[in-house]
>>> print(open('target.txt').read())   # compact mmCIF, C-alpha atoms
# COMPACT_ATOMS: atom_id res chain seq x y z
CA MET B 1 2.71 -1.53 20.49
CA ARG B 2 3.87 -2.69 17.10
CA LYS B 3 4.12 -0.12 14.30
CA LEU B 4 2.70 -0.85 10.86
CA THR B 5 4.30 0.38 7.63
CA GLY B 6 2.77 0.03 4.18
CA ALA B 7 5.38 0.05 1.39
CA VAL B 8 3.79 0.37 -2.05
CA PHE B 9 5.20 0.27 -5.57
CA LEU B 10 2.91 2.63 -7.46
CA SER B 11 2.52 3.94 -11.01
CA LEU B 12 1.75 7.60 -11.66
CA ASP B 13 -1.91 6.68 -12.18
CA GLY B 14 -2.14 4.74 -8.92
CA VAL B 15 -1.70 1.13 -10.09
CA MET B 16 0.21 -1.31 -7.88
CA GLN B 17 -0.56 -4.61 -9.59
CA ALA B 18 2.24 -7.07 -10.46
CA PRO B 19 5.28 -4.83 -10.06
CA GLY B 20 7.69 -7.77 -9.89
CA GLY B 21 7.24 -9.75 -13.09
CA PRO B 22 5.06 -10.55 -16.13
CA ASP B 23 3.42 -13.60 -14.55
CA GLU B 24 3.10 -12.31 -10.99
CA ASP B 25 -0.58 -11.30 -11.14
CA PRO B 26 -2.30 -11.24 -14.56
CA THR B 27 -5.84 -11.14 -13.10
CA SER B 28 -8.42 -9.06 -14.99
CA GLY B 29 -6.24 -9.22 -18.10
CA PHE B 30 -3.32 -7.20 -16.68
CA THR B 31 -0.44 -7.53 -19.18
CA LEU B 32 2.21 -5.12 -17.86
CA GLY B 33 3.59 -7.12 -14.95
CA GLY B 34 7.20 -6.27 -14.10
CA TRP B 35 6.81 -2.55 -14.80
CA THR B 36 9.15 -1.56 -11.96
CA HIS B 37 12.12 -3.58 -13.21
CA PRO B 38 13.66 -1.02 -15.62
CA PHE B 39 13.86 1.55 -12.82
CA PHE B 40 15.59 -0.57 -10.17
CA THR B 41 19.20 0.36 -9.46
CA GLY B 42 21.39 0.25 -6.40
CA ASP B 43 19.76 3.54 -5.44
CA MET B 44 16.36 2.73 -3.92
CA GLY B 45 16.29 5.34 -1.19
CA PRO B 46 14.17 4.75 1.93
CA PHE B 47 12.97 1.35 0.66
CA GLU B 48 16.42 -0.12 1.25
CA GLY B 49 16.20 0.71 4.95
CA VAL B 50 12.65 -0.61 5.23
CA ILE B 51 13.20 -3.94 3.46
CA SER B 52 16.51 -4.62 5.24
CA GLY B 53 15.10 -3.85 8.70
CA GLU B 54 13.45 -6.18 11.20
CA TYR B 55 9.70 -6.78 10.75
CA ASP B 56 6.98 -9.37 10.31
CA LEU B 57 4.83 -9.40 7.19
CA LEU B 58 1.12 -8.54 7.08
CA LEU B 59 -0.42 -9.86 3.86
CA GLY B 60 -3.68 -10.39 2.06
CA ARG B 61 -4.36 -13.94 0.91
CA ARG B 62 -3.54 -13.42 -2.77
CA THR B 63 -0.20 -11.75 -2.08
CA TYR B 64 0.55 -14.49 0.44
CA ASP B 65 -0.08 -17.15 -2.21
CA ILE B 66 2.21 -15.32 -4.67
CA PHE B 67 4.98 -14.99 -2.08
CA ALA B 68 4.58 -18.57 -0.78
CA ALA B 69 4.97 -19.95 -4.30
CA TYR B 70 8.06 -17.83 -5.07
CA TRP B 71 10.20 -17.00 -2.05
CA PRO B 72 10.80 -20.49 -0.58
CA ASN B 73 12.53 -21.33 -3.87
CA ASN B 74 14.68 -18.20 -3.64
CA ARG B 75 16.20 -18.46 -0.18
CA ASP B 76 19.63 -17.59 -1.56
CA ASN B 77 18.29 -14.04 -1.96
CA PRO B 78 18.64 -12.07 1.31
CA ILE B 79 14.98 -11.07 1.09
CA GLY B 80 13.97 -14.68 0.49
CA GLU B 81 15.94 -15.81 3.52
CA LYS B 82 14.32 -13.15 5.67
CA PHE B 83 10.79 -13.86 4.41
CA GLN B 84 11.33 -17.54 5.20
CA ARG B 85 12.38 -16.79 8.74
CA ILE B 86 9.95 -14.12 9.88
CA ASN B 87 6.27 -14.39 10.79
CA LYS B 88 3.66 -14.00 8.07
CA TYR B 89 0.23 -12.80 9.24
CA VAL B 90 -2.45 -13.41 6.60
CA LEU B 91 -5.84 -11.72 6.52
CA THR B 92 -8.14 -14.22 4.85
CA HIS B 93 -11.68 -15.56 4.85
CA SER B 94 -10.51 -18.81 3.26
CA ASP B 95 -10.04 -21.99 5.24
CA GLN B 96 -7.32 -23.22 2.90
CA PRO B 97 -4.17 -24.17 4.84
CA LEU B 98 -1.23 -21.79 5.13
CA GLU B 99 1.65 -24.11 4.31
CA TRP B 100 4.53 -21.62 4.31
CA GLU B 101 6.34 -21.93 7.64
CA ASN B 102 5.75 -19.28 10.31
CA SER B 103 2.38 -18.31 8.80
CA SER B 104 -0.66 -17.37 10.90
CA ARG B 105 -4.25 -16.68 9.90
CA LEU B 106 -6.13 -13.49 10.85
CA THR B 107 -9.90 -13.52 10.39
CA GLY B 108 -12.87 -11.21 10.93
CA ASP B 109 -12.95 -7.46 10.46
CA THR B 110 -9.68 -6.30 8.91
CA ALA B 111 -9.16 -3.19 11.04
CA ALA B 112 -10.09 -4.96 14.29
CA ALA B 113 -7.85 -7.95 13.56
CA VAL B 114 -4.88 -5.72 12.77
CA ALA B 115 -5.49 -3.54 15.85
CA GLU B 116 -5.34 -6.66 18.01
CA LEU B 117 -2.17 -7.84 16.26
CA LYS B 118 -0.52 -4.44 16.79
CA ARG B 119 -1.23 -4.68 20.52
CA SER B 120 0.60 -8.02 20.74
CA GLU B 121 4.31 -8.51 21.45
CA GLY B 122 6.65 -8.84 18.48
CA ARG B 123 8.41 -7.09 15.66
CA ASP B 124 6.95 -4.16 13.78
CA LEU B 125 4.80 -5.03 10.77
CA LEU B 126 5.23 -4.43 7.03
CA ILE B 127 2.60 -4.70 4.29
CA GLN B 128 3.86 -5.77 0.88
CA GLY B 129 1.44 -5.97 -2.04
CA SER B 130 -2.01 -6.74 -0.61
CA SER B 131 -4.03 -3.97 -2.26
CA THR B 132 -7.27 -4.87 -0.45
CA LEU B 133 -5.80 -4.10 2.99
CA TYR B 134 -5.16 -0.43 2.44
CA ALA B 135 -8.63 1.09 2.29
CA PRO B 136 -9.84 -0.33 5.64
CA LEU B 137 -6.51 0.19 7.38
CA LEU B 138 -6.00 3.75 6.15
CA SER B 139 -9.58 4.56 7.10
CA ALA B 140 -8.90 3.26 10.62
CA ASP B 141 -5.54 5.10 10.93
CA ALA B 142 -4.00 1.67 11.49
CA ILE B 143 -1.07 2.32 9.14
CA ASP B 144 1.54 4.33 11.04
CA ARG B 145 3.70 5.05 7.99
CA LEU B 146 2.93 4.88 4.30
CA LEU B 147 5.89 4.65 1.93
CA LEU B 148 4.77 5.37 -1.63
CA MET B 149 7.36 4.53 -4.29
CA THR B 150 5.99 6.19 -7.41
CA PHE B 151 7.48 5.09 -10.72
CA PRO B 152 7.35 7.34 -13.81
CA VAL B 153 4.94 5.16 -15.81
CA LEU B 154 1.23 5.27 -16.68
CA LEU B 155 -0.38 1.82 -16.74
CA GLY B 156 -3.99 2.71 -17.50
CA ARG B 157 -5.59 -0.08 -15.46
CA GLY B 158 -4.92 -2.44 -12.59
CA LYS B 159 -5.30 -2.86 -8.84
CA SER B 160 -4.86 0.21 -6.64
CA ILE B 161 -4.58 0.85 -2.92
CA PHE B 162 -7.06 3.71 -3.26
CA GLU B 163 -10.75 2.86 -3.41
CA VAL B 164 -13.98 4.79 -3.77
CA GLY B 165 -15.57 5.00 -0.32
CA GLN B 166 -12.29 5.12 1.59
CA ARG B 167 -12.56 7.40 4.62
CA PRO B 168 -11.10 10.84 3.84
CA ARG B 169 -7.89 11.46 5.78
CA ARG B 170 -5.21 14.11 5.79
CA MET B 171 -1.62 12.85 5.59
CA LYS B 172 1.63 14.49 6.68
CA LEU B 173 4.75 14.23 4.51
CA VAL B 174 7.67 13.29 6.78
CA ASP B 175 10.37 12.37 4.26
CA HIS B 176 11.00 12.28 0.52
CA TYR B 177 13.67 11.20 -1.94
CA VAL B 178 14.11 10.91 -5.72
CA SER B 179 16.24 8.14 -7.25
CA GLU B 180 18.52 8.56 -10.25
CA THR B 181 15.92 6.78 -12.42
CA GLY B 182 13.13 9.16 -11.39
CA VAL B 183 11.36 7.04 -8.76
CA THR B 184 9.95 9.30 -6.04
CA PHE B 185 9.85 8.02 -2.47
CA THR B 186 7.41 9.81 -0.17
CA ILE B 187 6.71 8.82 3.40
CA TYR B 188 3.45 9.89 5.03
CA GLU B 189 1.87 9.59 8.45
CA PRO B 190 -1.83 10.07 9.35
CA ASN B 191 -2.60 13.67 10.22
CA GLY B 192 -6.26 13.94 11.20
CA GLU B 193 -9.37 14.94 9.32
CA VAL B 194 -9.45 16.66 5.94
CA GLU B 195 -9.72 20.43 6.25
CA THR B 196 -11.43 22.55 3.59
CA GLY B 197 -11.57 26.22 2.76
CA THR B 198 -12.17 28.68 -0.05
CA PHE B 199 -10.11 31.14 -2.05
CA ALA B 200 -13.15 33.34 -2.70
CA THR B 201 -12.86 36.92 -1.46
CA LYS B 202 -16.22 38.18 -2.76
CA GLU B 203 -19.81 37.06 -2.55
CA PRO B 204 -20.71 34.71 -5.45
CA SER B 205 -22.20 36.27 -8.57
CA ARG B 206 -25.71 35.52 -9.74
CA ALA B 207 -24.27 33.37 -12.55
CA GLU B 208 -22.25 31.35 -10.02
CA LEU B 209 -25.27 30.82 -7.78
CA GLU B 210 -27.34 29.66 -10.74
CA LEU B 211 -24.58 27.27 -11.76
CA ARG B 212 -24.46 25.82 -8.24
CA GLU B 213 -28.19 25.15 -8.38
CA ARG B 214 -27.86 23.37 -11.73
CA ILE B 215 -25.07 21.24 -10.30
CA LYS B 216 -27.19 20.30 -7.27
CA GLU B 217 -30.09 19.35 -9.55
CA GLY B 218 -27.82 17.23 -11.75
CA ALA B 219 -28.56 19.42 -14.76
CA TRP B 220 -24.96 20.50 -15.42
>>> encode(input="target.txt", output="structure tokens")
Amino acid sequence: MRKLTGAVFLSLDGVMQAPGGPDEDPTSGFTLGGWTHPFFTGDMGPFEGVISGEYDLLLGRRTYDIFAAYWPNNRDNPIGEKFQRINKYVLTHSDQPLEWENSSRLTGDTAAAVAELKRSEGRDLLIQGSSTLYAPLLSADAIDRLLLMTFPVLLGRGKSIFEVGQRPRRMKLVDHYVSETGVTFTIYEPNGEVETGTFATKEPSRAELELRERIKEGAW
């Protein structure tokens, strides 16, 4: 079975929109595109191994359109050459043609379509960009490894991989690294249901019980 990795450029406040350049994705008035650029050096930790490995791409339609407009004109870049050659699987409800070579359409329920793709023969899969894919795939435990590359910036607004309503999951940290420019690389794998507990060692006071009731009633 194919393995699926999600590799995400992320700000400290969880934004992943337009990391590559000012004009990459200005939707909803986003004006800080290219926010990762000042932090890129030759030292990019685990991402270097991921991006230089063998994989096929799994993309949402908007990221596909961005990549298809950019990378065919940049084949002299090793990443551009690879992206041109490998398969691109695109989750989309649109019937617009996929004109970039080696592109295939996936339709229907996101988690089900990706589960079927993972059962097929072929290279492992890598998500780049594609913020809308993460909530359903994380909820379904369909992402085998999540590489979060967190940059030391606060962006205030923008697209995120984390959505309200996402299924709660516990994750296991399997590797980490910090670059010389302060980018933290953390690799996680799914690790079952969220566990809860309490630090309380005594029965709650009357004041605490009354506060809990006010909270339940929405009067707090």
>>> closest_residue(input="target.txt", among="B:Thr198, B:Gln17, B:Ser131, B:Asn77", to="B:Thr36", atoms="only C-alpha atoms")
B:Gln17
>>> closest_residue(input="target.txt", among="B:Ala115, B:Arg61, B:Leu133, B:Ala200", to="B:Gln96", atoms="all atoms listed in the file")
B:Arg61
>>> atom_distance(input="target.txt", atom1="atom CA of B:Leu10", atom2="atom CA of B:Pro152")
9.1 Å
>>> closest_residue(input="target.txt", among="B:Ala18, B:Val174, B:Ile79, B:Leu57", to="B:Arg123", atoms="only C-alpha atoms")
B:Leu57
>>> atom_distance(input="target.txt", atom1="atom CA of B:Arg85", atom2="atom CA of B:Ala68")
12.4 Å
>>> residues_near_point(input="target.txt", point="(16.6, -5.2, 16.2)", cutoff="12 Å", atoms="only C-alpha atoms", output="JSON, numbers by chain")
{"B": [52, 53, 54, 55, 122, 123, 124]}
>>> residues_around(input="target.txt", residues="B:Glu193", least_positions_apart="2", cutoff="9 Å", atoms="only C-alpha atoms", output="VMD selection string")
chain B and resid 168 to 171 190 to 191 195
>>> closest_residue(input="target.txt", among="B:Gly156, B:Pro26, B:Gly45, B:Met16", to="B:Thr132", atoms="only C-alpha atoms")
B:Met16
